[in-house]
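Asks: Quick one, entry16.pdb (PDB, C-alpha atoms):
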ATOM      1  CA  MET A  62     -26.008 -36.883  18.496
ATOM      2  CA  TYR A  63     -25.395 -33.246  17.687
ATOM      3  CA  PRO A  64     -21.826 -31.994  17.975
ATOM      4  CA  SER A  65     -21.060 -29.818  20.965
ATOM      5  CA  LEU A  66     -21.446 -26.081  20.312
ATOM      6  CA  THR A  67     -19.432 -25.143  23.373
ATOM      7  CA  PRO A  68     -16.650 -22.771  22.206
ATOM      8  CA  PRO A  69     -13.084 -23.422  23.288
ATOM      9  CA  ARG A  70     -11.557 -21.294  26.023
ATOM     10  CA  GLN A  71      -8.390 -20.815  23.960
ATOM     11  CA  VAL A  72      -7.405 -21.429  20.344
ATOM     12  CA  LYS A  73      -4.182 -21.943  18.409
ATOM     13  CA  ILE A  74      -2.650 -19.202  16.267
ATOM     14  CA  GLY A  75      -3.977 -20.720  13.039
ATOM     15  CA  ASP A  76      -7.557 -20.699  14.336
ATOM     16  CA  ALA A  77      -7.159 -17.163  15.692
ATOM     17  CA  ALA A  78      -5.866 -15.965  12.338
ATOM     18  CA  ALA A  79      -8.652 -17.706  10.412
ATOM     19  CA  PHE A  80     -11.338 -16.199  12.628
ATOM     20  CA  ALA A  81      -9.913 -12.675  12.352
ATOM     21  CA  GLY A  82      -9.368 -13.016   8.599
ATOM     22  CA  ILE A  83      -5.616 -12.498   8.713
ATOM     23  CA  THR A  84      -2.540 -14.728   8.615
ATOM     24  CA  PRO A  85      -0.497 -16.298  11.419
ATOM     25  CA  ARG A  86       2.486 -14.370  10.128
ATOM     26  CA  ALA A  87       0.595 -11.098  10.656
ATOM     27  CA  ILE A  88      -0.214 -12.091  14.242
ATOM     28  CA  ARG A  89       3.449 -12.831  14.934
ATOM     29  CA  HIS A  90       4.323  -9.403  13.541
ATOM     30  CA  TYR A  91       1.774  -7.792  15.866
ATOM     31  CA  HIS A  92       3.571  -9.445  18.762
ATOM     32  CA  GLU A  93       6.933  -8.178  17.564
ATOM     33  CA  ILE A  94       5.857  -4.530  17.339
ATOM     34  CA  GLY A  95       3.901  -4.551  20.581
ATOM     35  CA  LEU A  96       0.478  -4.229  18.998
ATOM     36  CA  LEU A  97      -0.830  -7.516  20.435
ATOM     37  CA  PRO A  98       0.169  -9.044  23.788
ATOM     38  CA  GLU A  99       2.012 -12.313  23.358
ATOM     39  CA  PRO A 100       0.052 -15.024  25.189
ATOM     40  CA  GLU A 101       1.515 -17.813  27.223
ATOM     41  CA  ARG A 102       2.297 -21.045  25.452
ATOM     42  CA  GLY A 103       0.480 -24.295  26.144
ATOM     43  CA  GLY A 104       1.987 -27.576  27.138
ATOM     44  CA  ASP A 105       2.906 -28.283  23.537
ATOM     45  CA  GLY A 106       4.890 -25.027  23.313
ATOM     46  CA  ARG A 107       2.359 -23.311  21.056
ATOM     47  CA  ARG A 108       0.666 -19.998  21.731
ATOM     48  CA  ARG A 109      -2.931 -20.039  22.908
ATOM     49  CA  TYR A 110      -5.287 -17.127  22.264
ATOM     50  CA  GLY A 111      -8.222 -16.219  24.464
ATOM     51  CA  TYR A 112     -11.230 -13.932  24.167
ATOM     52  CA  ASP A 113      -9.363 -10.683  24.862
ATOM     53  CA  ASP A 114      -6.774 -11.553  22.243
ATOM     54  CA  MET A 115      -9.485 -12.173  19.672
ATOM     55  CA  ILE A 116     -11.147  -8.861  20.468
ATOM     56  CA  ARG A 117      -7.831  -7.077  19.926
ATOM     57  CA  LEU A 118      -7.321  -8.919  16.632
ATOM     58  CA  LEU A 119     -10.778  -7.981  15.426
ATOM     59  CA  TRP A 120     -10.127  -4.345  16.248
ATOM     60  CA  ILE A 121      -6.837  -4.483  14.400
ATOM     61  CA  ARG A 122      -8.524  -6.024  11.357
ATOM     62  CA  LYS A 123     -11.254  -3.360  11.346
ATOM     63  CA  MET A 124      -8.744  -0.540  11.634
ATOM     64  CA  ALA A 125      -6.589  -2.038   8.890
ATOM     65  CA  ASP A 126      -9.639  -2.180   6.636
ATOM     66  CA  ALA A 127     -10.159   1.519   7.393
ATOM     67  CA  GLY A 128      -6.636   2.250   6.169
ATOM     68  CA  ILE A 129      -5.067   2.888   9.572
ATOM     69  CA  SER A 130      -1.361   2.116   9.764
ATOM     70  CA  LEU A 131       0.028  -0.293  12.330
ATOM     71  CA  GLY A 132       2.009   2.537  13.875
ATOM     72  CA  ASP A 133      -1.161   4.568  14.399
ATOM     73  CA  MET A 134      -2.881   1.545  15.865
ATOM     74  CA  ARG A 135      -0.082   1.006  18.356
ATOM     75  CA  ALA A 136      -0.206   4.679  19.317
ATOM     76  CA  ALA A 137      -3.937   4.337  19.897
ATOM     77  CA  PHE A 138      -3.816   1.069  21.846
ATOM     78  CA  GLY A 139      -0.509   1.624  23.605
ATOM     79  CA  ASP A 140       2.392  -0.803  23.499
ATOM     80  CA  ALA A 141       1.001  -4.207  24.420
ATOM     81  CA  ARG A 142       4.403  -5.209  25.777
ATOM     82  CA  ASP A 143       3.919  -2.659  28.569
ATOM     83  CA  GLU A 144       0.212  -3.255  29.060
ATOM     84  CA  ALA A 145      -1.458  -5.827  31.319
ATOM     85  CA  LEU A 146      -3.929  -8.034  29.537
ATOM     86  CA  GLU A 147      -6.633  -7.089  32.012
ATOM     87  CA  GLN A 148      -6.378  -3.429  30.993
ATOM     88  CA  ALA A 149      -8.663  -3.039  28.021
ATOM     89  CA  PRO A 150      -8.045   0.013  25.846
ATOM     90  CA  ASP A 151     -10.270   3.053  26.154
ATOM     91  CA  ILE A 152     -12.435   2.521  23.072
ATOM     92  CA  GLU A 153     -13.650   6.115  22.974
ATOM     93  CA  SER A 154     -10.094   7.367  23.091
ATOM     94  CA  VAL A 155      -9.076   4.900  20.398
ATOM     95  CA  LEU A 156     -11.900   5.966  18.118
ATOM     96  CA  SER A 157     -11.137   9.625  18.727
ATOM     97  CA  ARG A 158      -7.523   9.117  17.735
ATOM     98  CA  LEU A 159      -8.519   7.095  14.713
ATOM     99  CA  GLU A 160     -10.889   9.851  13.635
ATOM    100  CA  GLU A 161      -8.002  12.327  13.818
ATOM    101  CA  THR A 162      -5.844   9.986  11.769
ATOM    102  CA  LEU A 163      -8.530   9.510   9.139
ATOM    103  CA  ALA A 164      -9.146  13.262   8.973
ATOM    104  CA  ALA A 165      -5.432  13.848   8.393
ATOM    105  CA  GLN A 166      -5.363  11.170   5.699
ATOM    106  CA  GLU A 167      -8.434  12.660   4.052
ATOM    107  CA  ALA A 168      -6.845  16.121   4.047
ATOM    108  CA  ALA A 169      -3.663  14.684   2.525
ATOM    109  CA  ILE A 170      -5.664  12.930  -0.196
ATOM    110  CA  LYS A 171      -7.489  16.180  -0.989
ATOM    111  CA  ARG A 172      -4.171  18.002  -1.310
ATOM    112  CA  ARG A 173      -2.788  15.323  -3.605
ATOM    113  CA  ARG A 174      -5.939  15.289  -5.699
ATOM    114  CA  ALA A 175      -5.869  19.076  -5.999
ATOM    115  CA  ALA A 176      -2.219  18.885  -7.061
ATOM    116  CA  VAL A 177      -3.017  16.268  -9.715
ATOM    117  CA  GLN A 178      -5.969  18.267 -11.028
ATOM    118  CA  HIS A 179      -3.827  21.406 -11.129
ATOM    119  CA  LEU A 180      -1.131  19.541 -13.022
ATOM    120  CA  GLN A 181      -3.684  18.213 -15.502
ATOM    121  CA  ALA A 182      -5.139  21.687 -16.051
ATOM    122  CA  VAL A 183      -1.866  23.583 -16.351
ATOM    123  CA  GLY A 184       0.347  20.912 -17.858
ATOM    124  CA  ASN A 185       3.644  19.321 -16.993
ATOM    125  CA  PRO A 186       6.051  20.479 -15.635
ATOM    126  CA  LEU A 187       4.611  23.989 -15.127
ATOM    127  CA  GLY A 188       1.808  22.539 -13.019
ATOM    128  CA  LEU A 189       4.322  21.232 -10.502
ATOM    129  CA  LEU A 190       5.077  24.788  -9.415
ATOM    130  CA  SER A 191       2.937  26.554  -6.839
ATOM    131  CA  GLU A 192      -0.436  27.820  -7.947
ATOM    132  CA  LEU A 193       0.628  31.384  -7.145
ATOM    133  CA  VAL A 194       3.320  31.033  -9.816
ATOM    134  CA  THR A 195       1.331  29.159 -12.451
ATOM    135  CA  ASP A 196      -1.553  31.629 -12.204
ATOM    136  CA  ARG A 197       0.756  34.316 -13.537
ATOM    137  CA  LEU A 198       1.979  32.150 -16.404
ATOM    138  CA  SER A 199      -1.167  30.258 -17.394
ATOM    139  CA  HIS A 200      -2.122  32.743 -20.134
ATOM    140  CA  LEU A 201       1.073  32.135 -22.085
ATOM    141  CA  PRO A 202       0.796  29.931 -25.190
ATOM    142  CA  PRO A 203       2.276  26.420 -25.104
ATOM    143  CA  GLY A 204       6.015  26.423 -25.680
ATOM    144  CA  ALA A 205       6.414  30.096 -24.794
ATOM    145  CA  LEU A 206       8.480  29.214 -21.760
ATOM    146  CA  HIS A 207      11.875  27.585 -22.124
ATOM    147  CA  PRO A 208      12.806  24.610 -19.931
ATOM    148  CA  SER A 209      15.493  26.784 -18.344
ATOM    149  CA  ASP A 210      12.783  29.281 -17.335
ATOM    150  CA  LEU A 211      10.940  26.589 -15.390
ATOM    151  CA  ASP A 212      14.216  25.393 -13.870
ATOM    152  CA  ALA A 213      14.936  28.902 -12.621
ATOM    153  CA  LEU A 214      11.440  29.237 -11.149
ATOM    154  CA  LEU A 215      11.810  25.880  -9.426
ATOM    155  CA  VAL A 216      15.039  26.975  -7.747
ATOM    156  CA  THR A 217      13.633  30.374  -6.781
ATOM    157  CA  GLU A 218      10.529  28.789  -5.300
ATOM    158  CA  ARG A 219      12.679  26.466  -3.193
ATOM    159  CA  ILE A 220      14.826  29.321  -1.889
ATOM    160  CA  PHE A 221      12.397  32.238  -1.634
ATOM    161  CA  GLY A 222       9.051  30.459  -1.674
ATOM    162  CA  PRO A 223       6.057  30.887  -4.010
ATOM    163  CA  LEU A 224       6.018  34.661  -3.557
ATOM    164  CA  GLY A 225       9.590  35.042  -4.770
ATOM    165  CA  ALA A 226       8.953  32.811  -7.777
ATOM    166  CA  ALA A 227       5.705  34.642  -8.593
ATOM    167  CA  ILE A 228       7.606  37.928  -8.717
ATOM    168  CA  GLN A 229      10.332  36.377 -10.877
ATOM    169  CA  ALA A 230       7.608  35.179 -13.258
ATOM    170  CA  SER A 231       7.357  38.743 -14.606
ATOM    171  CA  THR A 232      10.742  38.272 -16.253
ATOM    172  CA  PHE A 233       9.650  35.153 -18.099
ATOM    173  CA  ILE A 234       6.332  36.692 -19.131
ATOM    174  CA  VAL A 235       8.254  39.486 -20.830
ATOM    175  CA  LEU A 236      10.719  37.076 -22.431
ATOM    176  CA  ALA A 237       7.834  34.990 -23.752
ATOM    177  CA  THR A 238       6.176  38.040 -25.320
ATOM    178  CA  HIS A 239       9.225  40.026 -26.499
ATOM    179  CA  PRO A 240      11.264  38.044 -29.042
ATOM    180  CA  ASP A 241      13.972  40.696 -29.141
ATOM    181  CA  LEU A 242      14.605  40.480 -25.425
ATOM    182  CA  ARG A 243      14.522  36.691 -25.544
ATOM    183  CA  ALA A 244      17.114  36.719 -28.321
ATOM    184  CA  GLU A 245      19.335  39.080 -26.326
ATOM    185  CA  GLU A 246      18.993  36.899 -23.215
ATOM    186  CA  ASP A 247      20.015  33.841 -25.210
ATOM    187  CA  ARG A 248      22.957  35.699 -26.732
ATOM    188  CA  LEU A 249      24.200  36.927 -23.365
ATOM    189  CA  GLU A 250      23.770  33.505 -21.783
ATOM    190  CA  ALA A 251      25.826  31.914 -24.559
ATOM    191  CA  ALA A 252      28.518  34.586 -24.291
ATOM    192  CA  GLU A 253      28.722  34.269 -20.498
ATOM    193  CA  ALA A 254      29.041  30.505 -20.844
ATOM    194  CA  THR A 255      32.337  31.074 -22.686
ATOM    195  CA  LEU A 256      33.779  32.637 -19.521
ATOM    196  CA  ASP A 257      35.116  29.293 -18.382
ATOM    197  CA  ASP A 258      38.032  28.480 -16.119
ATOM    198  CA  GLY A 259      40.419  29.311 -18.938
ATOM    199  CA  VAL A 260      39.402  32.989 -18.829
ATOM    200  CA  GLU A 261      41.024  35.290 -16.269
ATOM    201  CA  PRO A 262      38.670  37.423 -14.136
ATOM    202  CA  ASP A 263      40.365  40.609 -15.427
ATOM    203  CA  ASP A 264      39.876  39.637 -19.080
ATOM    204  CA  PRO A 265      38.348  42.611 -20.990
ATOM    205  CA  ARG A 266      35.465  40.403 -22.112
ATOM    206  CA  VAL A 267      34.282  40.178 -18.521
ATOM    207  CA  GLU A 268      33.651  43.887 -18.127
ATOM    208  CA  LYS A 269      32.209  44.162 -21.643
ATOM    209  CA  LEU A 270      29.649  41.440 -20.960
ATOM    210  CA  ALA A 271      28.815  42.956 -17.565
ATOM    211  CA  VAL A 272      27.978  46.266 -19.237
ATOM    212  CA  GLN A 273      25.816  44.471 -21.806
ATOM    213  CA  ARG A 274      24.057  42.454 -19.105
ATOM    214  CA  CYS A 275      23.296  45.641 -17.179
ATOM    215  CA  ALA A 276      21.861  47.320 -20.276
ATOM    216  CA  TYR A 277      19.762  44.268 -21.022
ATOM    217  CA  GLN A 278      18.424  44.137 -17.467
ATOM    218  CA  MET A 279      17.448  47.821 -17.640
ATOM    219  CA  ALA A 280      15.564  47.150 -20.890
ATOM    220  CA  LEU A 281      13.893  44.141 -19.290
ATOM    221  CA  ASN A 282      12.784  46.234 -16.309
ATOM    222  CA  GLN A 283      11.338  48.853 -18.640
ATOM    223  CA  ALA A 284       9.385  46.176 -20.502
ATOM    224  CA  ILE A 285       8.037  44.834 -17.200
ATOM    225  CA  GLU A 286       6.814  48.313 -16.230
ATOM    226  CA  ALA A 287       5.374  48.994 -19.681
ATOM    227  CA  ALA A 288       3.349  45.782 -19.488
ATOM    228  CA  GLY A 289       2.022  46.706 -16.051
ATOM    229  CA  LEU A 290       3.605  43.647 -14.506
ATOM    230  CA  ASP A 291       5.148  45.691 -11.705
ATOM    231  CA  ALA A 292       1.640  46.696 -10.630
ATOM    232  CA  ALA A 293       0.633  43.041 -10.666
ATOM    233  CA  GLU A 294       3.598  42.290  -8.419
ATOM    234  CA  GLU A 295       2.441  44.910  -5.915
ATOM    235  CA  LYS A 296      -1.006  43.340  -5.876
ATOM    236  CA  ILE A 297       0.526  39.946  -5.170
ATOM    237  CA  PHE A 298       2.384  41.424  -2.211
ATOM    238  CA  GLU A 299      -0.876  42.879  -0.887
ATOM    239  CA  THR A 300      -2.872  39.656  -1.161
ATOM    240  CA  TYR A 301      -0.202  37.149  -0.205
ATOM    241  CA  ASP A 302       0.649  36.486   3.417
ATOM    242  CA  ALA A 303       3.955  38.307   3.702
ATOM    243  CA  ASP A 304       4.721  36.556   6.965
ATOM    244  CA  LEU A 305       5.154  33.184   5.248
ATOM    245  CA  LYS A 306       8.793  32.248   4.901
ATOM    246  CA  GLY A 307       8.503  30.315   1.680
ATOM    247  CA  GLU A 308       6.552  27.214   0.834
ATOM    248  CA  GLU A 309       5.476  24.769   3.500
ATOM    249  CA  GLY A 310       8.174  22.221   4.081
ATOM    250  CA  THR A 311      11.094  24.636   3.720
ATOM    251  CA  GLU A 312      13.581  23.663   6.407
ATOM    252  CA  MET A 313      16.380  26.166   5.839
ATOM    253  CA  SER A 314      16.871  29.860   5.450
ATOM    254  CA  ALA A 315      17.265  31.475   2.047
ATOM    255  CA  ALA A 316      20.917  32.209   2.819
ATOM    256  CA  ALA A 317      21.582  28.585   3.699
ATOM    257  CA  ALA A 318      19.667  27.310   0.673
ATOM    258  CA  ILE A 319      21.699  29.492  -1.692
ATOM    259  CA  THR A 320      24.947  28.027  -0.376
ATOM    260  CA  LYS A 321      23.677  24.494  -0.994
ATOM    261  CA  MET A 322      22.617  24.992  -4.636
ATOM    262  CA  PRO A 323      25.650  24.245  -6.854
ATOM    263  CA  TYR A 324      26.477  26.413  -9.852
ATOM    264  CA  ASP A 325      29.524  25.567 -11.924
ATOM    265  CA  PHE A 326      30.533  29.181 -12.514
ATOM    266  CA  SER A 327      34.146  30.099 -13.171
ATOM    267  CA  PRO A 328      35.825  32.998 -11.319
ATOM    268  CA  ALA A 329      35.547  35.073 -14.494
ATOM    269  CA  ARG A 330      31.812  34.479 -14.763
ATOM    270  CA  MET A 331      31.314  35.189 -11.072
ATOM    271  CA  ARG A 332      33.138  38.514 -11.479
ATOM    272  CA  CYS A 333      30.976  39.295 -14.520
ATOM    273  CA  MET A 334      27.829  38.691 -12.460
ATOM    274  CA  GLU A 335      29.069  40.764  -9.542
ATOM    275  CA  LEU A 336      30.120  43.630 -11.811
ATOM    276  CA  ALA A 337      26.801  43.538 -13.684
ATOM    277  CA  GLY A 338      24.938  43.655 -10.380
ATOM    278  CA  ARG A 339      26.924  46.655  -9.197
ATOM    279  CA  LEU A 340      26.399  48.484 -12.493
ATOM    280  CA  LEU A 341      22.683  47.750 -12.372
ATOM    281  CA  GLY A 342      22.429  49.061  -8.826
ATOM    282  CA  GLU A 343      24.135  52.288  -9.840
ATOM    283  CA  ALA A 344      21.924  52.648 -12.915
ATOM    284  CA  LEU A 345      18.739  52.121 -10.908
ATOM    285  CA  ALA A 346      19.906  54.629  -8.305
ATOM    286  CA  ASP A 347      20.600  57.207 -11.015
ATOM    287  CA  ALA A 348      17.190  56.588 -12.571
ATOM    288  CA  HIS A 349      15.502  57.010  -9.190
ATOM    289  CA  SER A 350      17.351  60.272  -8.568
ATOM    290  CA  ALA A 351      16.308  61.559 -11.985
ATOM    291  CA  ASP A 352      12.660  60.738 -11.284
ATOM    292  CA  SER A 353      12.842  62.509  -7.943
TER     293      SER A 353
END
Since I need it in another form, could you write the structure as structure tokens?

Replies:
Amino acid sequence: MYPSLTPPRQVKIGDAAAFAGITPRAIRHYHEIGLLPEPERGGDGRRRYGYDDMIRLLWIRKMADAGISLGDMRAAFGDARDEALEQAPDIESVLSRLEETLAAQEAAIKRRRAAVQHLQAVGNPLGLLSELVTDRLSHLPPGALHPSDLDALLVTERIFGPLGAAIQASTFIVLATHPDLRAEEDRLEAAEATLDDGVEPDDPRVEKLAVQRCAYQMALNQAIEAAGLDAAEEKIFETYDADLKGEEGTEMSAAAAITKMPYDFSPARMRCMELAGRLLGEALADAHSADS
């Protein structure tokens, strides 16, 4: 006699899991998060799964194979804990939502792949900066930029966005191509580092270094103009969307970001920076008046 081929009306969790190609533990998790309605238990206290449950499990398995997260599935199906078993999900709506999810995932993968390819082409860590910045620096020979240069660009990009860092790149292009200016920058940086907490803000060294920093910055600006980098900056302003407020993902204003970036500067060094900035402003104003 041939065995009966009549299918059961309900099956136990182990059989349901085996048919769907998942584990009983996964099914229990689906119940917990509201992805699968929890069926009534039989006389032996065990759950029994019917046809509708199996259909839901098969859909879940197919979507999982497609890379859809459980959270996205629940959003598509609705919370099974609030849904009557007789109310089947709108398949067209589910598929439409899944298509949107897959499109978003595909776009994210493309962005990541582009970032990896950019990093491979430009090198690490320069390639981690925005393309707008690395495009300006890509012609420099390997090792021309100091690690501190990249650190400064990273901070500027976070605060002022890719446009601000791309403009700042002019400074590092000049330093990479003018050994005398690089040497003076290193000398000033070392001298300013000696203005620690043991130095009073009115120490004569503070004003002396401020004057030297101003003179250096004027020479740096002249080198930027002589190299035509100021014209390149103007072109960047013309082609870049000036309405963007920094790189995507920035969640704070530039003013707020500046207050959250720690710098261990002593009062003497802070006064040196402020004095140098004031002297530079006066020098630039005088130069502008002379040109006019």

Asks: Output as JSON the centre and edge lengths (Å, one decimal) of the box along x, y and z of the file that holds every listed atom of segment 114-117 of chain A after adding 6 Å on each side.

Replies:
{"center_x": -9.0, "center_y": -9.6, "center_z": 21.0, "size_x": 16.4, "size_y": 17.1, "size_z": 14.6}

Asks: For Leu341 of chain A, find every residue with an atom within 8 Å (counting all atoms listed in the file), except residues of its own chain fewer than 2 positions away, and show them as a list in words.

Replies: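 Everything that qualifies: Cys275, Ala276, Gln278, Met279, Ala337, Gly338, Arg339, Glu343, Ala344 and Leu345 of chain A.
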
Asks: Separation of atom CA of Ala329 of chain A and atom CA of Val267 of chain A, in Å?

Replies: 6.6 Å

Asks: To one decimal in Å, tell me the separation between atom CA of Ala288 of chain A and atom CA of His239 of chain A.

Replies: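 Separation of atom CA of Ala288 of chain A and atom CA of His239 of chain A: 10.8 Å.
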
Asks: With a distance cut-off of 6 Å and all atoms listed in the file, select the neighbouring residues of segment 107-124 of chain A, excluding the residue or stretch itself and same-chain residues fewer than 5 positions from it, and output the selection as number ranges by chain.

Replies: A: 71-73, 81, 101-102, 129

Asks: Please provide the set of residues having any atom within 12 Å of segment 243-248 of chain A, restricted to only C-alpha atoms, with same-chain residues fewer than 3 positions apart removed, written as number ranges by chain.

Replies: A: 205-207, 209-210, 232-240, 251-255, 270, 273-278, 280-281, 284

Asks: Select, from A:Gly82, A:Pro202, A:Gly106, A:Gly225, the residue with the minimum atom-to-atom distance to Glu294 of chain A, counting all atoms listed in the file.

Replies: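 Among A:Gly82, A:Pro202, A:Gly106, A:Gly225, it is A:Gly225 that comes nearest to Glu294 of chain A.
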
Asks: Using all atoms listed in the file, which of the listed residues (A:Ile297, A:Ala127, A:Cys333, A:Ala176) sits closest to Pro265 of chain A?

Replies: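 Residue with the minimum atom-to-atom distance to Pro265 of chain A: A:Cys333.
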
Asks: So how far away is atom CA of Thr162 of chain A from atom CA of Thr84 of chain A, in Å?

Replies: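 Separating atom CA of Thr84 of chain A from atom CA of Thr162 of chain A is a distance of 25.1 Å.
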
Asks: For Gln166 of chain A, which residue out of A:Gly128, A:Ala136, A:Phe326, A:Phe221 is the nearest one, using only C-alpha atoms?

Replies: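 That would be A:Gly128, the residue with the smallest distance to Gln166 of chain A.
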
Asks: Let me make sure I understand: among A:Asp126, A:Val216, A:Val183, A:Pro262, which one has the smallest atom-to-atom distance to Pro323 of chain A if we use only C-alpha atoms?

Replies: A:Val216

Asks: Taking into account only C-alpha atoms, which residue in the set A:Pro223, A:Pro208, A:Pro85, A:Gly289 is nearest to Ser191 of chain A?

Replies: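 Result for the nearest residue to Ser191 of chain A: A:Pro223.
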
Asks: Can you list, as a ChimeraX atom specification, every protein, DNA or RNA residue that comes within 12 Å of Glu295 of chain A when you count all atoms listed in the file, leaving out same-chain residues fewer than 3 positions away?

Replies: /A:224,227-228,231,286,289-292,298-301,303

Asks: Just say which residues the PyMOL selection byres ((chain A and resi 195) around 12) picks in this file, as a PyMOL selection string.

Replies: chain A and resi 179-180+182-194+196-201+206+211+214-215+218+223-224+226-231+233-234

Asks: Please produce a file of the residues just selected, as a tab-separated table (two decimals), in the frame of the given file, where the atoms kept are C-alpha atoms.

Replies:
chain	number	residue	atom	x	y	z
A	179	HIS	CA	-3.83	21.41	-11.13
A	180	LEU	CA	-1.13	19.54	-13.02
A	182	ALA	CA	-5.14	21.69	-16.05
A	183	VAL	CA	-1.87	23.58	-16.35
A	184	GLY	CA	0.35	20.91	-17.86
A	185	ASN	CA	3.64	19.32	-16.99
A	186	PRO	CA	6.05	20.48	-15.64
A	187	LEU	CA	4.61	23.99	-15.13
A	188	GLY	CA	1.81	22.54	-13.02
A	189	LEU	CA	4.32	21.23	-10.50
A	190	LEU	CA	5.08	24.79	-9.41
A	191	SER	CA	2.94	26.55	-6.84
A	192	GLU	CA	-0.44	27.82	-7.95
A	193	LEU	CA	0.63	31.38	-7.14
A	194	VAL	CA	3.32	31.03	-9.82
A	196	ASP	CA	-1.55	31.63	-12.20
A	197	ARG	CA	0.76	34.32	-13.54
A	198	LEU	CA	1.98	32.15	-16.40
A	199	SER	CA	-1.17	30.26	-17.39
A	200	HIS	CA	-2.12	32.74	-20.13
A	201	LEU	CA	1.07	32.14	-22.08
A	206	LEU	CA	8.48	29.21	-21.76
A	211	LEU	CA	10.94	26.59	-15.39
A	214	LEU	CA	11.44	29.24	-11.15
A	215	LEU	CA	11.81	25.88	-9.43
A	218	GLU	CA	10.53	28.79	-5.30
A	223	PRO	CA	6.06	30.89	-4.01
A	224	LEU	CA	6.02	34.66	-3.56
A	226	ALA	CA	8.95	32.81	-7.78
A	227	ALA	CA	5.70	34.64	-8.59
A	228	ILE	CA	7.61	37.93	-8.72
A	229	GLN	CA	10.33	36.38	-10.88
A	230	ALA	CA	7.61	35.18	-13.26
A	231	SER	CA	7.36	38.74	-14.61
A	233	PHE	CA	9.65	35.15	-18.10
A	234	ILE	CA	6.33	36.69	-19.13

Asks: Can you work out which one of A:Ala271, A:Ile74, A:Met134, A:Val260 has the shortest atom-to-atom distance to Glu335 of chain A, counting all atoms listed in the file?

Replies: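 Counting all atoms listed in the file, the residue closest to Glu335 of chain A is A:Ala271.
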